[in-house]
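Q: Following this line is entry.pdb, made up of PDB, C-alpha atoms:
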ATOM      1  CA  MET A   1     112.110 100.593  61.946
ATOM      2  CA  ASN A   2     111.317 103.046  64.750
ATOM      3  CA  ASN A   3     107.544 102.573  64.805
ATOM      4  CA  THR A   4     107.397  98.965  65.936
ATOM      5  CA  TYR A   5     106.410  97.801  69.411
ATOM      6  CA  SER A   6     106.481  94.709  71.561
ATOM      7  CA  LEU A   7     103.284  93.445  73.146
ATOM      8  CA  ILE A   8     104.503  94.809  76.489
ATOM      9  CA  ASP A   9     104.788  98.297  74.981
ATOM     10  CA  CYS A  10     101.078  98.161  74.160
ATOM     11  CA  ILE A  11      99.974  97.857  77.792
ATOM     12  CA  GLY A  12      98.811 101.181  79.211
ATOM     13  CA  ASN A  13      98.620 104.649  77.661
ATOM     14  CA  THR A  14      94.927 104.008  77.036
ATOM     15  CA  PRO A  15      92.788 106.963  75.940
ATOM     16  CA  LEU A  16      90.199 108.823  77.965
ATOM     17  CA  ILE A  17      86.774 108.562  76.347
ATOM     18  CA  ARG A  18      84.172 111.270  76.976
ATOM     19  CA  LEU A  19      80.821 109.753  77.867
ATOM     20  CA  ASN A  20      78.824 112.230  75.853
ATOM     21  CA  ARG A  21      75.240 111.733  76.993
ATOM     22  CA  LEU A  22      76.098 111.492  80.680
ATOM     23  CA  SER A  23      78.461 114.470  80.467
ATOM     24  CA  ASP A  24      75.817 116.592  78.758
ATOM     25  CA  GLU A  25      73.119 115.567  81.243
ATOM     26  CA  THR A  26      75.212 116.294  84.342
ATOM     27  CA  GLY A  27      77.079 119.365  83.135
ATOM     28  CA  CYS A  28      80.309 117.598  84.079
ATOM     29  CA  GLU A  29      83.042 116.077  81.988
ATOM     30  CA  ILE A  30      82.661 112.348  82.687
ATOM     31  CA  LEU A  31      85.623 110.499  81.209
ATOM     32  CA  GLY A  32      86.317 106.772  81.052
ATOM     33  CA  LYS A  33      89.859 105.363  80.941
ATOM     34  CA  ALA A  34      89.609 102.809  78.139
ATOM     35  CA  GLU A  35      91.359  99.904  79.859
ATOM     36  CA  PHE A  36      89.471  97.417  77.689
ATOM     37  CA  MET A  37      91.874  98.496  74.934
ATOM     38  CA  ASN A  38      94.849  96.797  76.604
ATOM     39  CA  PRO A  39      96.145  93.721  74.696
ATOM     40  CA  GLY A  40      94.461  91.284  77.081
ATOM     41  CA  GLY A  41      91.255  93.279  77.023
ATOM     42  CA  SER A  42      91.213  94.551  80.592
ATOM     43  CA  VAL A  43      92.731  96.781  83.246
ATOM     44  CA  LYS A  44      94.362  93.680  84.768
ATOM     45  CA  ASP A  45      97.082  93.704  82.096
ATOM     46  CA  ARG A  46      98.707  96.541  84.030
ATOM     47  CA  ALA A  47      98.768  94.662  87.334
ATOM     48  CA  ALA A  48     100.111  91.563  85.578
ATOM     49  CA  LEU A  49     102.941  93.534  84.003
ATOM     50  CA  GLY A  50     103.760  95.343  87.241
ATOM     51  CA  MET A  51     103.931  92.172  89.317
ATOM     52  CA  ILE A  52     105.992  90.242  86.778
ATOM     53  CA  GLN A  53     108.426  93.119  86.232
ATOM     54  CA  ALA A  54     108.895  93.506  89.993
ATOM     55  CA  ALA A  55     109.584  89.779  90.366
ATOM     56  CA  MET A  56     112.116  89.872  87.537
ATOM     57  CA  ASP A  57     113.851  92.916  89.008
ATOM     58  CA  SER A  58     114.089  91.316  92.469
ATOM     59  CA  GLY A  59     115.309  87.983  91.108
ATOM     60  CA  ASP A  60     112.273  86.147  92.511
ATOM     61  CA  LEU A  61     111.402  85.077  88.965
ATOM     62  CA  GLU A  62     114.294  83.848  86.863
ATOM     63  CA  PRO A  63     114.407  83.315  83.074
ATOM     64  CA  GLY A  64     112.374  80.290  82.037
ATOM     65  CA  GLY A  65     110.434  80.283  85.311
ATOM     66  CA  THR A  66     106.735  79.793  85.998
ATOM     67  CA  ILE A  67     104.154  82.369  87.061
ATOM     68  CA  VAL A  68     101.463  80.990  89.382
ATOM     69  CA  GLU A  69      98.226  82.643  90.468
ATOM     70  CA  GLY A  70      94.802  81.713  91.761
ATOM     71  CA  THR A  71      92.232  83.687  89.791
ATOM     72  CA  ALA A  72      88.916  83.207  88.058
ATOM     73  CA  GLY A  73      89.134  86.345  85.969
ATOM     74  CA  ASN A  74      91.049  88.853  83.913
ATOM     75  CA  THR A  75      94.251  88.720  85.960
ATOM     76  CA  GLY A  76      94.883  85.231  84.632
ATOM     77  CA  ILE A  77      94.612  86.434  81.045
ATOM     78  CA  GLY A  78      96.966  89.333  81.751
ATOM     79  CA  LEU A  79      99.513  87.079  83.431
ATOM     80  CA  ALA A  80      99.354  84.531  80.613
ATOM     81  CA  LEU A  81      99.916  87.026  77.816
ATOM     82  CA  VAL A  82     102.606  89.019  79.645
ATOM     83  CA  GLY A  83     104.263  85.780  80.726
ATOM     84  CA  SER A  84     104.297  84.391  77.203
ATOM     85  CA  ALA A  85     105.659  87.649  75.812
ATOM     86  CA  LEU A  86     108.507  87.572  78.341
ATOM     87  CA  GLY A  87     109.288  83.867  78.072
ATOM     88  CA  PHE A  88     107.533  82.496  81.159
ATOM     89  CA  ARG A  89     105.099  79.637  81.636
ATOM     90  CA  THR A  90     101.861  80.472  83.473
ATOM     91  CA  VAL A  91      99.812  78.218  85.757
ATOM     92  CA  ILE A  92      96.347  79.442  86.742
ATOM     93  CA  VAL A  93      94.432  77.740  89.554
ATOM     94  CA  MET A  94      90.687  78.321  89.486
ATOM     95  CA  PRO A  95      87.477  76.827  90.918
ATOM     96  CA  GLU A  96      85.873  74.155  88.781
ATOM     97  CA  ASN A  97      82.497  75.929  88.816
ATOM     98  CA  GLN A  98      83.719  78.590  86.389
ATOM     99  CA  SER A  99      82.308  78.761  82.881
ATOM    100  CA  ALA A 100      83.819  76.775  80.034
ATOM    101  CA  GLY A 101      84.306  80.075  78.231
ATOM    102  CA  LYS A 102      86.635  81.393  80.945
ATOM    103  CA  ILE A 103      88.651  78.199  81.001
ATOM    104  CA  ASP A 104      88.959  78.136  77.218
ATOM    105  CA  THR A 105      89.953  81.812  77.120
ATOM    106  CA  LEU A 106      92.758  81.262  79.610
ATOM    107  CA  LYS A 107      94.008  78.258  77.690
ATOM    108  CA  ALA A 108      93.867  80.226  74.446
ATOM    109  CA  HIS A 109      96.196  82.794  76.023
ATOM    110  CA  GLY A 110      98.727  80.073  76.799
ATOM    111  CA  ALA A 111      97.942  79.348  80.445
ATOM    112  CA  GLU A 112      97.930  75.911  82.048
ATOM    113  CA  VAL A 113      94.632  75.797  83.943
ATOM    114  CA  ARG A 114      94.272  73.659  87.059
ATOM    115  CA  LEU A 115      90.690  73.252  88.260
ATOM    116  CA  ILE A 116      89.931  72.491  91.897
ATOM    117  CA  PRO A 117      86.703  72.278  93.941
ATOM    118  CA  ALA A 118      85.129  75.600  94.891
ATOM    119  CA  VAL A 119      85.358  76.308  98.640
ATOM    120  CA  PRO A 120      85.165  79.489 100.796
ATOM    121  CA  TYR A 121      88.266  81.683 101.111
ATOM    122  CA  LYS A 122      88.795  80.676 104.759
ATOM    123  CA  ASN A 123      89.224  77.044 103.661
ATOM    124  CA  PRO A 124      92.911  76.153 103.089
ATOM    125  CA  ALA A 125      91.805  74.381  99.893
ATOM    126  CA  HIS A 126      90.584  77.661  98.354
ATOM    127  CA  PHE A 127      92.066  78.258  94.906
ATOM    128  CA  VAL A 128      94.091  81.296  96.048
ATOM    129  CA  HIS A 129      95.758  79.396  98.902
ATOM    130  CA  THR A 130      96.275  76.383  96.657
ATOM    131  CA  SER A 131      98.087  78.473  94.066
ATOM    132  CA  GLY A 132     100.516  79.681  96.750
ATOM    133  CA  ARG A 133     101.285  76.117  97.774
ATOM    134  CA  ILE A 134     101.875  75.077  94.170
ATOM    135  CA  ALA A 135     104.448  77.855  93.770
ATOM    136  CA  ASP A 136     106.119  76.834  97.034
ATOM    137  CA  GLU A 137     106.366  73.221  95.856
ATOM    138  CA  MET A 138     107.965  74.295  92.581
ATOM    139  CA  ASN A 139     110.479  76.463  94.416
ATOM    140  CA  ARG A 140     111.426  73.609  96.746
ATOM    141  CA  GLU A 141     112.385  71.595  93.687
ATOM    142  CA  LYS A 142     114.329  74.505  92.202
ATOM    143  CA  ALA A 143     114.854  77.895  93.850
ATOM    144  CA  ASN A 144     113.238  80.888  92.100
ATOM    145  CA  SER A 145     111.717  78.625  89.448
ATOM    146  CA  ALA A 146     108.175  79.813  90.253
ATOM    147  CA  TYR A 147     106.617  83.077  91.357
ATOM    148  CA  TRP A 148     103.268  83.374  93.120
ATOM    149  CA  THR A 149     101.937  86.770  92.085
ATOM    150  CA  ASN A 150      99.452  86.948  95.004
ATOM    151  CA  GLN A 151      97.676  89.889  93.404
ATOM    152  CA  PHE A 152      95.663  90.975  96.452
ATOM    153  CA  GLU A 153      98.682  91.482  98.704
ATOM    154  CA  ASN A 154     101.366  92.262  96.118
ATOM    155  CA  LEU A 155     102.076  96.009  96.258
ATOM    156  CA  ALA A 156     103.561  95.940  92.763
ATOM    157  CA  ASN A 157      99.905  95.869  91.697
ATOM    158  CA  ARG A 158      99.174  99.215  93.347
ATOM    159  CA  ASP A 159     102.539 100.674  92.387
ATOM    160  CA  ILE A 160     102.142 100.238  88.629
ATOM    161  CA  HIS A 161      98.780 102.017  88.750
ATOM    162  CA  GLU A 162     100.394 104.852  90.679
ATOM    163  CA  ARG A 163     103.232 105.101  88.158
ATOM    164  CA  THR A 164     101.163 104.678  85.001
ATOM    165  CA  THR A 165      97.371 104.862  85.270
ATOM    166  CA  GLY A 166      97.286 107.768  87.707
ATOM    167  CA  ALA A 167     100.080 109.637  85.942
ATOM    168  CA  GLU A 168      98.332 109.192  82.590
ATOM    169  CA  ILE A 169      95.036 110.555  83.944
ATOM    170  CA  TRP A 170      96.799 113.627  85.337
ATOM    171  CA  GLU A 171      98.548 114.277  82.016
ATOM    172  CA  GLN A 172      95.505 113.542  79.835
ATOM    173  CA  THR A 173      93.335 115.994  81.781
ATOM    174  CA  ASP A 174      96.080 118.631  81.917
ATOM    175  CA  GLY A 175      95.793 118.409  85.686
ATOM    176  CA  GLN A 176      92.164 119.531  85.550
ATOM    177  CA  VAL A 177      90.687 116.426  87.145
ATOM    178  CA  ASP A 178      88.399 116.984  90.147
ATOM    179  CA  GLY A 179      87.501 113.418  91.054
ATOM    180  CA  PHE A 180      88.287 109.782  90.406
ATOM    181  CA  VAL A 181      86.026 106.839  91.201
ATOM    182  CA  CYS A 182      86.090 103.094  90.618
ATOM    183  CA  ALA A 183      85.332  99.772  92.254
ATOM    184  CA  ALA A 184      87.937  97.743  94.119
ATOM    185  CA  GLY A 185      88.761  94.061  94.093
ATOM    186  CA  THR A 186      92.434  93.806  94.929
ATOM    187  CA  GLY A 187      92.395  97.576  95.405
ATOM    188  CA  GLY A 188      95.379  98.159  93.156
ATOM    189  CA  THR A 189      93.692 100.495  90.683
ATOM    190  CA  LEU A 190      91.766 102.622  93.181
ATOM    191  CA  SER A 191      94.634 102.933  95.633
ATOM    192  CA  GLY A 192      97.345 103.473  93.030
ATOM    193  CA  VAL A 193      95.438 106.090  91.047
ATOM    194  CA  GLY A 194      94.272 107.768  94.238
ATOM    195  CA  ARG A 195      97.829 108.054  95.550
ATOM    196  CA  ALA A 196      99.101 109.455  92.238
ATOM    197  CA  LEU A 197      96.383 112.089  91.922
ATOM    198  CA  LYS A 198      96.477 113.143  95.579
ATOM    199  CA  ALA A 199     100.247 113.645  95.256
ATOM    200  CA  GLN A 200      99.551 116.147  92.480
ATOM    201  CA  ASN A 201      96.561 117.829  94.134
ATOM    202  CA  PRO A 202      95.279 116.808  97.581
ATOM    203  CA  ASP A 203      91.883 118.379  96.798
ATOM    204  CA  ILE A 204      91.049 115.762  94.144
ATOM    205  CA  LYS A 205      88.273 113.555  95.494
ATOM    206  CA  ILE A 206      88.814 109.792  95.404
ATOM    207  CA  ALA A 207      85.703 107.639  95.687
ATOM    208  CA  LEU A 208      84.840 103.960  95.919
ATOM    209  CA  SER A 209      81.998 102.529  93.846
ATOM    210  CA  ASP A 210      81.175  99.211  95.512
ATOM    211  CA  PRO A 211      78.890  96.425  94.266
ATOM    212  CA  GLY A 212      76.437  94.504  96.397
ATOM    213  CA  GLY A 213      77.948  91.492  98.117
ATOM    214  CA  SER A 214      81.037  93.475  99.125
ATOM    215  CA  ALA A 215      81.988  94.775 102.577
ATOM    216  CA  LEU A 216      84.155  97.670 101.429
ATOM    217  CA  HIS A 217      81.513 100.405 101.319
ATOM    218  CA  GLN A 218      80.448  99.675 104.875
ATOM    219  CA  TYR A 219      84.094  99.867 105.941
ATOM    220  CA  TYR A 220      84.794 103.240 104.329
ATOM    221  CA  ALA A 221      81.407 104.719 105.217
ATOM    222  CA  HIS A 222      80.927 103.294 108.716
ATOM    223  CA  GLY A 223      84.219 101.747 109.810
ATOM    224  CA  GLU A 224      83.201  98.085 109.808
ATOM    225  CA  LEU A 225      83.533  95.284 107.296
ATOM    226  CA  ARG A 226      79.978  94.112 106.708
ATOM    227  CA  ILE A 227      78.689  92.434 103.576
ATOM    228  CA  GLU A 228      75.358  93.629 102.227
ATOM    229  CA  GLY A 229      73.370  92.535  99.196
ATOM    230  CA  SER A 230      74.602  90.702  96.121
ATOM    231  CA  SER A 231      75.639  91.457  92.553
ATOM    232  CA  ILE A 232      75.959  89.741  89.197
ATOM    233  CA  THR A 233      79.202  91.625  88.544
ATOM    234  CA  GLU A 234      82.472  89.717  88.704
ATOM    235  CA  GLY A 235      85.988  90.536  89.859
ATOM    236  CA  ILE A 236      85.128  93.476  92.119
ATOM    237  CA  GLY A 237      84.258  93.850  95.778
ATOM    238  CA  ASN A 238      85.942  92.270  98.785
ATOM    239  CA  SER A 239      85.307  91.224 102.358
ATOM    240  CA  ARG A 240      88.678  92.403 103.683
ATOM    241  CA  ILE A 241      91.182  95.227 103.414
ATOM    242  CA  THR A 242      94.020  93.971 101.238
ATOM    243  CA  ALA A 243      97.597  95.206 101.384
ATOM    244  CA  ASN A 244      96.889  97.172  98.217
ATOM    245  CA  LEU A 245      93.896  98.906  99.816
ATOM    246  CA  ASP A 246      95.587  99.584 103.137
ATOM    247  CA  GLY A 247      96.004 103.338 103.496
ATOM    248  CA  ALA A 248      94.209 104.139 100.239
ATOM    249  CA  PRO A 249      93.206 107.837 100.176
ATOM    250  CA  ILE A 250      89.453 107.293  99.812
ATOM    251  CA  ASP A 251      87.265 110.329 100.554
ATOM    252  CA  MET A 252      83.807 108.853  99.995
ATOM    253  CA  SER A 253      82.074 105.678  98.914
ATOM    254  CA  TRP A 254      78.772 104.374  97.626
ATOM    255  CA  GLN A 255      77.269 100.942  97.265
ATOM    256  CA  ILE A 256      75.774 100.621  93.795
ATOM    257  CA  PRO A 257      72.919  98.122  93.310
ATOM    258  CA  ASP A 258      72.705  96.138  90.088
ATOM    259  CA  VAL A 259      69.367  97.766  89.256
ATOM    260  CA  GLU A 260      71.307 101.029  88.960
ATOM    261  CA  ALA A 261      74.479  99.740  87.294
ATOM    262  CA  ILE A 262      73.288  97.180  84.744
ATOM    263  CA  PRO A 263      70.974  99.567  82.855
ATOM    264  CA  ILE A 264      74.005 101.850  82.500
ATOM    265  CA  VAL A 265      75.847  98.979  80.754
ATOM    266  CA  TYR A 266      73.048  98.825  78.178
ATOM    267  CA  SER A 267      72.823 102.607  77.774
ATOM    268  CA  LEU A 268      76.573 102.770  77.111
ATOM    269  CA  ILE A 269      76.096 100.288  74.285
ATOM    270  CA  ARG A 270      73.149 102.164  72.803
ATOM    271  CA  ASP A 271      74.326 105.748  73.365
ATOM    272  CA  GLU A 272      78.128 105.535  73.203
ATOM    273  CA  GLY A 273      78.945 102.365  71.253
ATOM    274  CA  LEU A 274      80.817 101.002  74.285
ATOM    275  CA  VAL A 275      80.222  97.295  74.946
ATOM    276  CA  LEU A 276      81.439  96.964  78.523
ATOM    277  CA  GLY A 277      81.147  94.553  81.442
ATOM    278  CA  GLY A 278      79.177  94.951  84.644
ATOM    279  CA  SER A 279      82.102  96.387  86.609
ATOM    280  CA  SER A 280      82.174  99.333  84.202
ATOM    281  CA  GLY A 281      78.489  99.870  84.940
ATOM    282  CA  ILE A 282      79.293 100.026  88.659
ATOM    283  CA  ASN A 283      82.116 102.481  87.933
ATOM    284  CA  VAL A 284      80.071 104.784  85.706
ATOM    285  CA  ALA A 285      77.223 104.755  88.227
ATOM    286  CA  GLY A 286      79.789 105.914  90.780
ATOM    287  CA  ALA A 287      80.928 108.647  88.396
ATOM    288  CA  LEU A 288      77.339 109.909  88.178
ATOM    289  CA  ARG A 289      77.076 110.008  91.960
ATOM    290  CA  LEU A 290      80.391 111.836  92.192
ATOM    291  CA  ALA A 291      79.170 114.310  89.556
ATOM    292  CA  GLU A 292      76.141 115.017  91.731
ATOM    293  CA  GLU A 293      78.419 115.467  94.742
ATOM    294  CA  LEU A 294      80.907 117.813  93.036
ATOM    295  CA  GLY A 295      78.459 119.701  90.841
ATOM    296  CA  PRO A 296      78.444 120.974  87.229
ATOM    297  CA  GLY A 297      81.744 121.961  85.692
ATOM    298  CA  SER A 298      83.670 119.147  87.390
ATOM    299  CA  THR A 299      85.877 116.684  85.550
ATOM    300  CA  ILE A 300      85.448 113.115  86.749
ATOM    301  CA  VAL A 301      87.383 110.054  85.605
ATOM    302  CA  THR A 302      86.528 106.388  86.021
ATOM    303  CA  ILE A 303      87.728 103.053  84.649
ATOM    304  CA  LEU A 304      86.166 101.191  81.715
ATOM    305  CA  CYS A 305      87.471  97.795  82.758
ATOM    306  CA  ASP A 306      86.676  95.209  80.103
ATOM    307  CA  SER A 307      84.230  94.077  77.436
ATOM    308  CA  ALA A 308      80.691  92.792  77.941
ATOM    309  CA  THR A 309      81.484  89.975  75.530
ATOM    310  CA  ARG A 310      83.227  88.197  78.425
ATOM    311  CA  TYR A 311      79.941  88.076  80.335
ATOM    312  CA  MET A 312      77.401  87.161  77.661
ATOM    313  CA  GLU A 313      76.035  84.313  79.793
ATOM    314  CA  ARG A 314      74.907  86.850  82.381
ATOM    315  CA  LEU A 315      74.482  90.267  80.802
ATOM    316  CA  PHE A 316      72.456  89.074  77.816
ATOM    317  CA  ASN A 317      70.622  86.095  79.289
ATOM    318  CA  ALA A 318      66.994  87.120  79.841
ATOM    319  CA  GLU A 319      66.157  84.177  82.096
ATOM    320  CA  PHE A 320      69.198  84.731  84.321
ATOM    321  CA  LEU A 321      68.564  88.475  84.569
ATOM    322  CA  GLN A 322      64.920  88.001  85.487
ATOM    323  CA  SER A 323      65.952  85.648  88.284
ATOM    324  CA  LYS A 324      67.965  88.565  89.703
ATOM    325  CA  GLY A 325      65.220  91.159  89.282
ATOM    326  CA  LEU A 326      66.809  92.628  86.146
ATOM    327  CA  ASN A 327      65.724  92.871  82.531
ATOM    328  CA  LEU A 328      67.247  93.148  79.104
ATOM    329  CA  PRO A 329      66.665  96.564  77.500
ATOM    330  CA  ARG A 330      63.709  96.871  75.158
ATOM    331  CA  TRP A 331      65.884  97.580  72.129
ATOM    332  CA  TYR A 332      67.836  94.351  72.675
ATOM    333  CA  ARG A 333      64.686  92.251  73.132
ATOM    334  CA  ALA A 334      63.279  93.710  69.930
TER     335      ALA A 334
END
In structure tokens, write the structure found in this file.

A:
Amino acid sequence: MNNTYSLIDCIGNTPLIRLNRLSDETGCEILGKAEFMNPGGSVKDRAALGMIQAAMDSGDLEPGGTIVEGTAGNTGIGLALVGSALGFRTVIVMPENQSAGKIDTLKAHGAEVRLIPAVPYKNPAHFVHTSGRIADEMNREKANSAYWTNQFENLANRDIHERTTGAEIWEQTDGQVDGFVCAAGTGGTLSGVGRALKAQNPDIKIALSDPGGSALHQYYAHGELRIEGSSITEGIGNSRITANLDGAPIDMSWQIPDVEAIPIVYSLIRDEGLVLGGSSGINVAGALRLAEELGPGSTIVTILCDSATRYMERLFNAEFLQSKGLNLPRWYRA
């Protein structure tokens, strides 16, 4: 049979979805790359596949080995499902203050979850540093038996987005894309797509859409890493320039407050039938700002990262939202 696929074949080649109301209102074509349609439900499936493939190609991860990463989010799910599909065990180290739903989801995807106390990143006991030590210990027992993916500094993350996500956007728009915008956590998506599109046309504008609580906007706008504000979004923003972000071709940036982004999440549900997480709200808010910058007739692409169903405890919790100065939409309350 020629029409059968492996799970790995199903990662990437996601469609571009026209955001109809926002496109009509701005006079631009505002398109969202439907990364929530990846097998693991998020854009992080691509990074997981890229990092694991690179480790296999280099011999750093041998057959039957173990993938190790410190993550509290979608990267863990991507690593677990790609690892299982390729015959690897996956160990995810995460802070013990994460929700039971996240822990259960990782376990359901085949990961071994190790919970440790939550401490700041500068503390050697932070879950990211701990995951690196666990991989080192495994490799001391048996060489190349474990691979620490180290998603923030691993350039295979950026590279797969340059090879696939960026190339797909160029092809899907017939090269008629004027701007790309998204948030950055590791920086792999923004940097990789930016590099791919700039290689095709240096005039394409690449923009950062940054949540509160991140220092990246201040860095790209004013040249200094300074954290401002806070956000209920998860998995985006950073206080440092990662290896993946280093040299990223970013032309402009905005910091998007939750009071701007979260209502967009609800309007996408109501107007487009898209049930997306808070990071997608940040991204689409950035697309609207880029549309204003570039003007009518422009084609702008952003990333629709994952589903809102992963964040029910925040996005649809009236008491929590009110504590952050936010509200559920009237139609949902009714």

Q: Set the distance at 8 Å and use only C-alpha atoms: which residues neighbour segment 21-30 of chain A once local chain neighbours fewer than 6 positions away are removed? I'd like the list as a PDB file with C-alpha atoms, in the frame of the given file.

A:
ATOM      1  CA  ASP A 271      74.326 105.748  73.365  1.00  0.00           C
ATOM      2  CA  GLU A 272      78.128 105.535  73.203  1.00  0.00           C
ATOM      3  CA  ALA A 287      80.928 108.647  88.396  1.00  0.00           C
ATOM      4  CA  LEU A 288      77.339 109.909  88.178  1.00  0.00           C
ATOM      5  CA  ALA A 291      79.170 114.310  89.556  1.00  0.00           C
ATOM      6  CA  GLU A 292      76.141 115.017  91.731  1.00  0.00           C
ATOM      7  CA  GLY A 295      78.459 119.701  90.841  1.00  0.00           C
ATOM      8  CA  PRO A 296      78.444 120.974  87.229  1.00  0.00           C
ATOM      9  CA  GLY A 297      81.744 121.961  85.692  1.00  0.00           C
ATOM     10  CA  SER A 298      83.670 119.147  87.390  1.00  0.00           C
ATOM     11  CA  THR A 299      85.877 116.684  85.550  1.00  0.00           C
ATOM     12  CA  ILE A 300      85.448 113.115  86.749  1.00  0.00           C
ATOM     13  CA  VAL A 301      87.383 110.054  85.605  1.00  0.00           C
ATOM     14  CA  THR A 302      86.528 106.388  86.021  1.00  0.00           C
TER      15      THR A 302
END

Q: What residues come out when you apply the PyMOL selection byres ((chain A and resi 40) around 9) to this file, written as a PyMOL selection string?

A: chain A and resi 11+36-39+41-45+74+77-78+81-82+109

Q: With only C-alpha atoms as the counted atoms, please give the residues lying no more than 10 Å from Cys182 of chain A, apart from itself and same-chain residues fewer than 6 positions off, as an MDAnalysis selection string.

A: chainID A and resid 189:191 193 206:210 236 253 279:280 282:287 301:305

Q: Could you tell me, as an mmCIF file with C-alpha atoms, in the frame of the given file, exactly which residues end up selected when the PyMOL selection byres ((chain A and resi 240) around 8) is applied to this structure?

A:
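Result file follows (part_0.cif):
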data_model
loop_
_atom_site.group_PDB
_atom_site.id
_atom_site.type_symbol
_atom_site.label_atom_id
_atom_site.label_comp_id
_atom_site.auth_asym_id
_atom_site.auth_seq_id
_atom_site.Cartn_x
_atom_site.Cartn_y
_atom_site.Cartn_z
ATOM 1 C CA ALA A 215 81.988 94.775 102.577
ATOM 2 C CA LEU A 216 84.155 97.670 101.429
ATOM 3 C CA LEU A 225 83.533 95.284 107.296
ATOM 4 C CA ASN A 238 85.942 92.270 98.785
ATOM 5 C CA SER A 239 85.307 91.224 102.358
ATOM 6 C CA ILE A 241 91.182 95.227 103.414
ATOM 7 C CA THR A 242 94.020 93.971 101.238
#

Q: Pick out the residues sitting within 7 Å of Thr14 of chain A, and hand them over as a list in words; count all atoms listed in the file, and ignore anything fewer than 3 positions along from it in its own chain.

A: Lys33, Ala34, Glu35 and Met37 of chain A

Q: With all atoms listed in the file as the counted atoms, please give the residues lying no more than 7 Å from Thr186 of chain A, apart from itself and same-chain residues fewer than 3 positions off, as a ChimeraX atom specification.

A: /A:151-152,242,244

Q: Counting all atoms listed in the file, which residue out of A:Asn2, A:Ser230, A:Thr164, A:Thr71 sits closest to Asn150 of chain A?

A: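 Checking each of A:Asn2, A:Ser230, A:Thr164, A:Thr71 against Asn150 of chain A, counting all atoms listed in the file, the winner is A:Thr71.
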
Q: Could you name the residues that touch Pro95 of chain A at 8 Å or less, counting all atoms listed in the file, but leaving out those on the same chain fewer than 6 positions away, as a PyMOL selection string?

A: chain A and resi 72+115-118+127

Q: Could you save the residues just selected, with C-alpha atoms, as a PDB file, keeping the file's coordinate frame?

A:
ATOM      1  CA  ALA A  72      88.916  83.207  88.058  1.00  0.00           C
ATOM      2  CA  LEU A 115      90.690  73.252  88.260  1.00  0.00           C
ATOM      3  CA  ILE A 116      89.931  72.491  91.897  1.00  0.00           C
ATOM      4  CA  PRO A 117      86.703  72.278  93.941  1.00  0.00           C
ATOM      5  CA  ALA A 118      85.129  75.600  94.891  1.00  0.00           C
ATOM      6  CA  PHE A 127      92.066  78.258  94.906  1.00  0.00           C
TER       7      PHE A 127
END

Q: Go ahead and compute the interatomic distance for atom CA of Met312 of chain A and atom CA of Ser99 of chain A, in Å to one decimal.

A: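 These two atoms are separated by 11.0 Å.
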
Q: Could you build a table of the residues in segment 83-128 of chain A lying no more than 10 Å from segment 141-147 of chain A, giving for each the nearest pair of atoms and their separation in Å rounded to one decimal place, using all atoms listed in the file, ordered by chain and ascending residue number, as CSV?

A:
residue,atom,partner,partner_atom,distance
A:Phe88,CA,A:Ala146,CA,9.5
A:Arg89,CA,A:Ala146,CA,9.2
A:Thr90,CA,A:Ala146,CA,9.3
A:Val91,CA,A:Ala146,CA,9.6

Q: Atom CA of Leu274 of chain A and atom CA of Leu326 of chain A, how far apart in Å?

A: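 Here the two named atoms are 20.2 Å from each other.
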
Q: Identify which of the residues A:Ala221, A:Ala80, A:Ile169, A:Val259 lies closest to Gly32 of chain A, counting only C-alpha atoms when measuring atom-to-atom distances.

A: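 The answer is A:Ile169, which sits nearest to Gly32 of chain A.
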
Q: Would you write out, as an NGL selection string, every residue that the PyMOL selection byres ((chain A and resi 234) around 8) captures in this file?

A: :A and (73 or 232-233 or 235-236 or 278-279)

Q: Do you have the atom CA of Leu16 of chain A-atom CA of Ala248 of chain A distance handy?

A: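 Calculated distance between atom CA of Leu16 of chain A and atom CA of Ala248 of chain A is 23.1 Å.
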
Q: Choose the residue, out of A:Gly247, A:Gly83, A:Gly166, A:Gly76, that has the smallest atom-to-atom separation from Glu62 of chain A; count all atoms listed in the file.

A: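 Checking each candidate against Glu62 of chain A, we get A:Gly83 as the closest.
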
Q: Measuring atom to atom with all atoms listed in the file, identify which of A:Pro263, A:Gly179, A:Gly110, A:Pro120 is nearest to Leu31 of chain A.

A: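 Residue with the minimum atom-to-atom distance to Leu31 of chain A: A:Gly179.
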
Q: Choose the residue, out of A:Ala167, A:Ile17, A:Ile92, A:Ala85, that has the smallest atom-to-atom separation from Leu268 of chain A; count only C-alpha atoms.

A: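 That would be A:Ile17, the residue with the smallest distance to Leu268 of chain A.
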
Q: Using all atoms listed in the file, pick whichever of A:Ile250, A:Gly192, A:Glu162, A:Glu112 has the shortest atom-to-atom distance to Tyr219 of chain A.

A: A:Ile250
